[in-house]
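Shown here: run.cif, mmCIF, C-alpha atoms.
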data_data
#
loop_
_atom_site.label_atom_id
_atom_site.label_comp_id
_atom_site.auth_asym_id
_atom_site.auth_seq_id
_atom_site.Cartn_x
_atom_site.Cartn_y
_atom_site.Cartn_z
CA MET A 1 0.00 0.00 0.00
CA SER A 2 1.57 3.29 -1.02
CA ARG A 3 1.53 6.48 0.93
CA ARG A 4 -1.64 8.48 0.26
CA THR A 5 -1.73 12.07 -0.87
CA TRP A 6 -4.06 14.77 0.40
CA SER A 7 -6.23 17.20 -1.49
CA GLY A 8 -6.35 19.54 1.50
CA PRO A 9 -4.75 19.98 4.91
CA TRP A 10 -7.73 18.48 6.70
CA ALA A 11 -9.04 15.97 4.15
CA ARG A 12 -11.47 13.47 5.66
CA TRP A 13 -11.46 9.70 5.50
CA THR A 14 -14.81 7.96 5.53
CA SER A 15 -13.59 4.64 6.91
CA ARG A 16 -11.76 4.08 10.22
CA SER A 17 -10.11 0.98 8.78
CA ARG A 18 -8.27 2.79 5.99
CA THR A 19 -4.58 3.05 6.76
CA SER A 20 -1.67 4.98 5.38
CA ARG A 21 1.95 3.84 5.54
CA ARG A 22 4.56 6.39 6.48
CA SER A 23 8.07 6.48 5.13
CA PRO A 24 10.66 4.79 7.37
CA GLY A 25 12.12 7.26 9.82
CA PRO A 26 13.79 7.42 13.18
CA GLY A 27 10.48 7.22 15.02
CA SER A 28 9.17 3.74 14.31
CA SER A 29 8.18 1.14 11.76
CA LEU A 30 5.56 1.59 9.07
CA GLY A 31 2.03 1.94 10.29
CA PRO A 32 -1.27 3.80 10.14
CA HIS A 33 -1.89 7.39 11.11
CA ARG A 34 -3.83 8.10 14.25
CA TRP A 35 -6.89 10.31 14.37
CA LYS A 36 -8.56 12.35 17.07
CA GLU A 37 -11.83 14.27 16.88
CA CYS A 38 -11.79 17.90 17.92
CA SER A 39 -13.93 20.98 17.44
CA ALA A 40 -12.47 24.41 16.87
CA VAL A 41 -14.45 27.64 16.98
CA TRP A 42 -13.30 30.95 15.51
CA PRO A 43 -15.34 34.16 15.38
CA GLY A 44 -17.79 33.73 12.52
CA ARG A 45 -17.08 30.09 11.69
CA SER A 46 -16.93 26.63 13.25
CA LEU A 47 -14.62 23.78 12.25
CA ARG A 48 -14.56 20.08 13.03
CA PRO A 49 -11.17 18.97 11.74
CA HIS A 50 -9.47 15.61 12.07
CA SER A 51 -6.15 16.10 13.83
CA LYS A 52 -3.60 13.97 11.97
CA ALA A 53 -1.14 12.97 14.66
CA ALA A 54 1.52 11.16 12.61
CA PHE A 55 2.17 13.97 10.15
CA TRP A 56 0.79 17.48 10.04
CA ARG A 57 1.26 19.46 6.83
CA GLY A 58 4.29 17.39 5.88
CA MET A 59 5.96 17.45 9.32
CA ARG A 60 6.32 14.47 11.64
CA VAL A 61 4.72 15.31 15.00
CA ALA A 62 6.76 14.56 18.13
CA ALA A 63 6.68 15.64 21.76
CA VAL A 64 9.38 16.29 24.36
CA ASP A 65 8.83 15.63 28.05
CA GLY A 66 10.50 13.88 30.96
CA PHE A 67 9.95 11.50 33.86
CA LEU A 68 11.76 10.23 36.94
CA LEU A 69 12.87 6.70 37.87
CA ASP A 70 13.80 5.55 41.38
CA VAL A 71 17.28 4.03 41.70
CA PRO A 72 18.79 2.05 44.62
CA GLU A 73 20.01 4.01 47.62
CA ASN A 74 23.78 4.16 48.14
CA ASP A 75 26.46 6.82 48.31
CA THR A 76 27.39 6.68 44.62
CA THR A 77 23.83 6.84 43.25
CA ARG A 78 22.88 9.58 45.70
CA ALA A 79 25.91 11.63 44.64
CA ALA A 80 25.35 10.99 40.92
CA PHE A 81 21.59 11.55 40.68
CA GLY A 82 20.38 13.22 43.86
CA GLY A 83 16.73 13.18 44.87
CA GLN A 84 13.96 14.91 46.74
CA VAL A 85 14.69 16.55 50.09
CA ASP A 86 12.50 17.95 52.84
CA SER A 87 12.52 21.49 54.22
CA ALA A 88 15.53 20.64 56.41
CA GLY A 89 17.54 19.34 53.45
CA ARG A 90 17.28 15.68 54.44
CA PRO A 91 16.82 13.09 51.65
CA VAL A 92 13.26 11.92 51.02
CA GLY A 93 12.75 8.60 49.26
CA PHE A 94 15.15 7.03 46.75
CA PRO A 95 17.60 8.84 44.48
CA GLN A 96 15.99 9.57 41.13
CA ALA A 97 17.31 9.64 37.59
CA ARG A 98 15.69 12.10 35.20
CA VAL A 99 14.88 10.91 31.68
CA VAL A 100 13.83 13.29 28.88
CA THR A 101 12.68 11.82 25.57
CA LEU A 102 11.78 12.93 22.07
CA THR A 103 8.75 10.75 21.33
CA GLU A 104 6.67 10.35 18.19
CA THR A 105 3.08 11.02 19.22
CA SER A 106 1.45 8.60 16.80
CA THR A 107 3.41 5.48 17.79
CA HIS A 108 4.77 6.26 21.29
CA ALA A 109 8.19 5.34 19.87
CA THR A 110 11.24 7.02 21.42
CA ILE A 111 13.32 8.83 18.80
CA ASP A 112 16.02 10.12 21.16
CA ALA A 113 16.57 10.42 24.92
CA ARG A 114 18.87 11.96 27.51
CA ILE A 115 19.50 10.80 31.10
CA GLY A 116 20.41 13.23 33.86
CA SER A 117 20.15 13.85 37.58
CA PHE A 118 17.16 14.94 39.66
CA LYS A 119 18.65 18.39 40.13
CA GLY A 120 21.49 20.17 38.41
CA GLY A 121 22.54 20.61 34.83
CA GLY A 122 19.56 22.78 33.92
CA GLY A 123 16.88 20.12 34.41
CA GLU A 124 14.53 19.01 31.65
CA PRO A 125 15.06 22.06 29.36
CA ALA A 126 18.84 21.49 29.25
CA LEU A 127 18.44 17.79 28.48
CA ALA A 128 15.83 18.60 25.83
CA THR A 129 18.18 21.11 24.19
CA GLU A 130 20.78 18.37 23.71
CA MET A 131 18.31 16.43 21.53
CA ALA A 132 17.63 19.28 19.09
CA GLY A 133 19.65 17.67 16.31
CA SER A 134 17.39 14.60 16.30
CA ALA A 135 14.25 16.70 15.66
CA ALA A 136 15.17 18.06 12.23
CA GLY A 137 12.10 18.40 10.00
CA MET A 138 9.66 17.67 12.85
CA LEU A 139 7.02 19.69 14.64
CA VAL A 140 7.95 19.32 18.32
CA ILE A 141 5.34 19.94 21.05
CA MET A 142 6.34 20.79 24.63
CA ASP A 143 4.57 21.88 27.81
CA ARG A 144 5.05 25.12 29.72
CA ALA A 145 8.14 23.93 31.60
CA PHE A 146 10.29 24.31 28.47
CA PRO A 147 10.03 27.81 26.89
CA GLY A 148 13.45 29.44 26.69
CA VAL A 149 15.59 31.31 24.20
CA ALA A 150 18.47 28.79 24.21
CA LEU A 151 16.17 25.83 23.60
CA TRP A 152 14.22 27.74 20.96
CA LYS A 153 17.36 28.64 19.00
CA ALA A 154 18.76 25.10 19.25
CA TYR A 155 15.67 23.51 17.71
CA THR A 156 14.99 26.10 15.03
CA GLN A 157 18.63 26.16 13.94
CA ALA A 158 18.51 22.34 13.71
CA GLY A 159 15.60 22.58 11.24
CA ALA A 160 12.78 21.72 13.66
CA HIS A 161 9.58 23.67 14.33
CA LEU A 162 8.14 24.27 17.79
CA LEU A 163 4.71 24.42 19.44
CA ILE A 164 5.24 25.15 23.14
CA ARG A 165 2.77 26.04 25.84
CA ALA A 166 3.71 29.05 27.97
CA ARG A 167 2.38 30.85 31.01
CA THR A 168 0.12 33.78 30.19
CA PHE A 169 2.68 36.37 31.34
CA VAL A 170 5.25 35.09 28.82
CA ALA A 171 5.38 36.98 25.50
CA ALA A 172 2.45 39.12 26.61
CA LYS A 173 3.21 42.35 24.70
CA PRO A 174 2.16 42.18 21.02
CA MET A 175 4.48 43.72 18.45
CA GLU A 176 2.22 43.00 15.48
CA VAL A 177 -1.34 41.67 15.50
CA LEU A 178 -1.93 39.27 12.60
CA PRO A 179 -5.15 39.05 10.55
CA ASP A 180 -6.31 35.87 12.34
CA GLY A 181 -6.08 37.48 15.79
CA THR A 182 -2.77 35.91 16.81
CA TYR A 183 0.22 38.18 17.26
CA LEU A 184 3.98 38.35 16.89
CA THR A 185 6.30 39.35 19.71
CA ARG A 186 9.77 38.65 21.06
CA MET A 187 10.79 36.24 23.79
CA ASN A 188 13.98 37.30 25.57
CA LEU A 189 16.23 36.12 28.34
CA ALA A 190 15.43 37.35 31.84
CA GLY A 191 16.48 40.94 32.38
CA GLN A 192 16.73 41.82 28.68
CA ARG A 193 14.84 44.67 27.12
CA HIS A 194 11.93 44.03 24.81
CA SER A 195 13.99 44.94 21.74
CA HIS A 196 17.15 43.08 22.73
CA PRO A 197 18.71 41.31 19.69
CA GLY A 198 19.40 38.19 21.73
CA GLY A 199 15.72 37.24 21.79
CA VAL A 200 13.61 35.32 19.29
CA THR A 201 10.44 36.24 17.41
CA VAL A 202 7.46 34.04 18.28
CA ARG A 203 3.83 33.83 17.27
CA VAL A 204 1.38 33.70 20.17
CA ILE A 205 -1.89 31.73 20.01
CA ASP A 206 -4.38 32.10 22.88
CA TYR A 207 -7.41 29.83 23.19
CA GLN A 208 -9.79 28.23 25.67
CA VAL A 209 -11.18 24.70 25.97
CA ASP A 210 -14.89 24.61 26.87
CA GLY A 211 -14.62 28.18 28.12
CA GLY A 212 -11.97 27.30 30.73
CA GLU A 213 -8.61 28.89 31.43
CA THR A 214 -6.72 30.67 28.67
CA ILE A 215 -4.01 28.50 27.13
CA ARG A 216 -1.09 30.23 25.45
CA LEU A 217 0.97 28.55 22.72
CA LEU A 218 4.22 29.82 21.22
CA THR A 219 5.32 28.75 17.76
CA ASP A 220 7.93 29.68 15.17
CA LEU A 221 5.36 29.10 12.39
CA LEU A 222 4.64 32.77 11.78
CA ASP A 223 2.44 32.75 8.65
CA PRO A 224 -1.26 32.57 9.71
CA GLU A 225 -2.40 31.41 6.27
CA ALA A 226 0.14 28.60 5.91
CA TRP A 227 -0.15 27.51 9.57
CA PRO A 228 -3.76 28.13 10.80
CA ALA A 229 -4.11 28.88 14.50
CA GLU A 230 -7.15 26.63 15.00
CA GLU A 231 -5.26 23.63 13.65
CA LEU A 232 -2.27 24.28 15.90
CA ALA A 233 -4.55 24.65 18.93
CA ALA A 234 -6.21 21.31 18.14
CA LEU A 235 -2.83 19.68 17.51
CA TYR A 236 -1.44 20.60 20.94
CA HIS A 237 -3.73 17.93 22.43
CA GLU A 238 -1.40 15.31 20.92
CA ARG A 239 1.26 16.19 23.48
CA TRP A 240 -0.59 14.01 25.97
CA GLU A 241 0.33 10.94 23.93
CA VAL A 242 3.81 11.11 25.45
CA GLU A 243 2.22 10.72 28.90
CA SER A 244 0.58 7.50 27.67
CA ALA A 245 3.99 6.31 26.49
CA TYR A 246 5.51 6.97 29.92
CA ARG A 247 2.67 5.07 31.59
CA GLN A 248 3.39 2.09 29.36
CA LEU A 249 7.07 2.14 30.27
CA LYS A 250 6.86 3.01 33.98
CA THR A 251 3.68 1.28 35.13
CA PHE A 252 3.28 -1.75 32.86
CA GLN A 253 6.76 -2.58 31.54
CA ARG A 254 8.92 -1.70 34.56
CA GLY A 255 6.21 -2.34 37.14
CA LYS A 256 4.35 0.09 39.35
CA ALA A 257 6.47 1.62 42.15
CA GLU A 258 9.45 -0.60 41.24
CA VAL A 259 13.03 0.53 41.85
CA LEU A 260 15.71 -0.08 39.23
CA ARG A 261 18.03 -2.97 40.09
CA SER A 262 21.43 -1.48 39.16
CA VAL A 263 23.56 -0.15 42.01
CA SER A 264 26.12 1.98 40.14
CA PRO A 265 25.47 5.12 38.06
CA GLU A 266 26.89 3.53 34.89
CA LEU A 267 24.68 0.46 35.20
CA VAL A 268 21.66 2.62 36.07
CA ARG A 269 22.04 4.47 32.77
CA GLN A 270 22.51 1.17 30.94
CA GLU A 271 19.34 -0.25 32.51
CA ILE A 272 17.34 2.84 31.56
CA TRP A 273 18.50 2.56 27.95
CA ALA A 274 17.50 -1.10 28.01
CA HIS A 275 13.97 -0.12 29.14
CA LEU A 276 13.74 2.51 26.40
CA THR A 277 14.93 0.03 23.77
CA LEU A 278 12.47 -2.63 24.88
CA HIS A 279 9.60 -0.12 24.87
CA HIS A 280 10.54 0.93 21.34
CA CYS A 281 10.57 -2.72 20.19
CA LEU A 282 7.18 -3.45 21.78
CA ASN A 283 5.65 -0.46 20.01
CA ARG A 284 7.23 -1.63 16.78
CA ILE A 285 5.36 -4.93 17.21
CA ILE A 286 2.13 -2.99 17.86
CA MET A 287 2.62 -1.01 14.65
CA ARG A 288 3.20 -4.17 12.62
CA LEU A 289 0.04 -5.74 14.03
CA ALA A 290 -1.98 -2.57 13.48
CA ASP A 291 -0.71 -2.28 9.94
CA GLY A 292 -1.60 -5.89 9.20
CA GLU A 293 -5.11 -5.59 10.64
CA GLY A 294 -5.80 -2.14 9.21
CA LEU A 295 -6.40 -0.66 12.67
CA ASP A 296 -5.47 2.38 14.68
CA PRO A 297 -2.59 1.33 17.01
CA ASP A 298 -4.67 2.61 19.95
CA ARG A 299 -6.92 -0.40 19.41
CA ILE A 300 -4.13 -2.82 20.34
CA SER A 301 -3.43 -3.35 24.03
CA PHE A 302 0.15 -2.65 25.09
CA VAL A 303 -0.38 -4.86 28.14
CA LYS A 304 -1.42 -7.86 26.02
CA VAL A 305 1.56 -7.43 23.69
CA LEU A 306 3.88 -7.15 26.71
CA LYS A 307 2.39 -10.28 28.27
CA HIS A 308 2.68 -12.40 25.14
CA THR A 309 6.21 -11.13 24.50
CA ARG A 310 7.29 -12.15 27.99
CA ARG A 311 5.82 -15.60 27.48
CA SER A 312 7.68 -15.97 24.21
CA VAL A 313 11.15 -15.37 25.69
CA VAL A 314 11.59 -19.02 26.70
CA LEU A 315 9.99 -20.28 23.49
CA GLN A 316 12.52 -18.37 21.37
CA ALA A 317 15.50 -20.26 22.79
CA GLY A 318 16.20 -21.65 19.31
CA ARG A 319 16.94 -18.12 18.04
CA SER A 320 15.92 -19.09 14.55
CA THR A 321 14.14 -17.00 11.95
CA ARG A 322 11.42 -19.64 11.78
CA ARG A 323 10.76 -19.30 15.52
CA LEU A 324 10.48 -15.52 15.19
CA ARG A 325 8.00 -15.81 12.31
CA GLN A 326 5.95 -18.28 14.31
CA PHE A 327 5.96 -15.93 17.30
CA MET A 328 4.71 -12.96 15.24
CA LYS A 329 2.00 -15.12 13.70
CA ARG A 330 0.80 -16.30 17.12
CA MET A 331 0.95 -12.76 18.45
CA ALA A 332 -1.18 -11.42 15.58
CA THR A 333 -3.73 -14.19 16.08
CA LYS A 334 -4.06 -13.69 19.84
CA VAL A 335 -4.25 -9.91 19.69
CA ALA A 336 -6.73 -9.87 16.80
CA ARG A 337 -8.95 -12.39 18.59
CA LYS A 338 -9.25 -10.14 21.65
CA LEU A 339 -9.80 -6.86 19.87
CA ASP A 340 -12.99 -4.93 20.59
CA ASN A 341 -13.81 -3.28 17.29
CA GLY A 342 -16.71 -1.28 18.69
CA LEU A 343 -16.57 2.44 19.31
CA ARG A 344 -15.09 3.41 22.65
CA ARG A 345 -16.51 6.13 24.82
CA LEU A 346 -14.58 9.30 25.42
CA ARG A 347 -12.90 9.20 28.84
CA GLU A 348 -11.27 11.70 31.13
CA ALA A 349 -9.95 11.74 34.67
CA ASP A 350 -9.72 14.53 37.22
CA ARG A 351 -6.37 16.33 37.47
CA TYR A 352 -4.85 17.20 40.83
CA THR A 353 -1.92 19.38 41.83
CA ARG A 354 1.03 17.42 43.18
CA HIS A 355 2.79 18.44 46.39
CA PRO A 356 6.25 19.88 45.60
CA VAL A 357 8.15 17.29 47.68
CA SER A 358 5.92 14.26 47.15
CA GLN A 359 5.29 12.02 44.18
CA TYR A 360 1.85 11.12 45.50
CA ILE A 361 -1.37 12.94 44.61
CA VAL A 362 -2.79 15.15 47.34
CA ARG A 363 -6.55 14.83 47.77
CA LYS A 364 -8.80 16.27 50.46
CA LYS A 365 -10.54 13.83 52.79
CA GLU A 366 -14.03 14.84 51.72
CA GLN A 367 -13.14 14.85 48.04
CA VAL A 368 -14.67 11.93 46.12
CA ARG A 369 -12.60 10.59 43.26
CA ARG A 370 -14.75 9.95 40.23
CA GLY A 371 -14.16 7.21 37.72
CA THR A 372 -14.04 7.55 33.97
CA ARG A 373 -17.26 8.70 32.42
CA ARG A 374 -18.84 9.67 29.15
CA VAL A 375 -17.95 13.26 28.32
CA PRO A 376 -19.02 15.57 25.50
CA GLU A 377 -16.64 16.56 22.73
CA LYS A 378 -14.30 19.38 23.70
CA VAL A 379 -14.77 22.77 22.05
CA ILE A 380 -11.68 24.90 21.41
CA THR A 381 -12.31 28.66 21.22
CA LEU A 382 -9.47 30.81 19.94
CA THR A 383 -9.04 34.19 21.63
CA PRO A 384 -7.90 36.86 19.13
CA ALA A 385 -5.47 39.39 20.56
CA ILE A 386 -7.43 42.22 18.92
CA LEU A 387 -10.38 41.44 21.20
CA GLN A 388 -8.40 41.35 24.43
#
This entry written out as structure tokens:
Amino acid sequence: MSRRTWSGPWARWTSRSRTSRRSPGPGSSLGPHRWKECSAVWPGRSLRPHSKAAFWRGMRVAAVDGFLLDVPENDTTRAAFGGQVDSAGRPVGFPQARVVTLTETSTHATIDARIGSFKGGGGEPALATEMAGSAAGMLVIMDRAFPGVALWKAYTQAGAHLLIRARTFVAAKPMEVLPDGTYLTRMNLAGQRHSHPGGVTVRVIDYQVDGGETIRLLTDLLDPEAWPAEELAALYHERWEVESAYRQLKTFQRGKAEVLRSVSPELVRQEIWAHLTLHHCLNRIIMRLADGEGLDPDRISFVKVLKHTRRSVVLQAGRSTRRLRQFMKRMATKVARKLDNGLRRLREADRYTRHPVSQYIVRKKEQVRRGTRRVPEKVITLTPAILQ
């Protein structure tokens, strides 16, 4: 099946089972694009576009974020990685290694990664900056912990494009209001003047979801006609796919609340790379199965693939090509037999603010935690700067 062409940036497909192969790249194996429904509202018109998560307007979509892994407690790991401390400066819990990844949103496949300490070295933004060279030609999405001039220049000079969430006080003074209501301004280092040449020019997109808080996005895609604001606002939702990838790796693959086994910093890094490699391989299997069945990869359970892969380790002792083909055939049969091809309900869960020194969610005693439920489709409303 050849790669399909598009008559428009938001062309629709009438069948969920139609798939499109992507060209081989650093992200993953061949497989189908993923689709999400989203509504976007702009003064005077309403859109209901399909957000194409694998590629958007010719660019591969990826996300950058980070997570922490607990490592065994000893003098060397504590010195190398550090960890959380209480108000008196005493260690709390295990030492923690920080992992920042560049992840393809459509397949959850890790393209590149960096491993650092809990504190020091600039944190997640510094580790993310080191991966700029691997993002050439991609549209990279990040959350509001990452905006910065150094990171911005590193990615744009490497040939990548950025879509980063920022706090509402960042880039708040418009220099030029564009016809679509977004505006251009400069983002500078702390203490610099507004016109300082060391800054970067960014385009600011403000919008709300279901009339909630104002969300601000910064992008280097400055042309409002070539890069519509409503499409970028809908595309930012794909950043959450990296959180699903981390859940697969941390909760299901590694095991919930498990501590890494290695006791030296060098072996800790080696074990983390092993986890990342295994996660990439498991998602490669998912993409092959999805491609063969003509399904969205979201329809294939990561837990089932992980379970059957673990069971196959002993069976593959022969290390022969025939054994591997037999394993993939059995895997496809078992996964396809357990697929639920019906429509799934939309689901959401309540979000809570984490305590600064605790990895556990803080919830009031009288607060009742609700389960997943059927929710209406989200409505994105762009907020033109000219109306503010």
_Residues returned when the PyMOL selection byres ((chain A and resi 111-114) around 6) runs on this file, as a PyMOL selection string_ = chain A and resi 26-27+99-103+110+115+127
*Enter the distance from atom CA of Phe94 of chain A to atom CA of Gln248 of chain A, in Å, rounded to one decimal.*
21.6 Å
*For Ala245 of chain A, please output as a PyMOL selection string all residues within 8 Å (counting all atoms listed in the file; exclusion window: fewer than 3 positions along the same chain).*
chain A and resi 108-109+241-242+248-249
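Using all atoms listed in the file, the nearest neighbour of Met187 of chain A within the list A:Arg299, A:Arg203, A:His280, A:Lys378 is A:Arg203.
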_Report, in Å to a single decimal, how far apart atom CA of Thr185 of chain A and atom CA of Gly212 of chain A are._
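Answer for the atom CA of Gly212 of chain A to atom CA of Thr185 of chain A separation: 24.5 Å.
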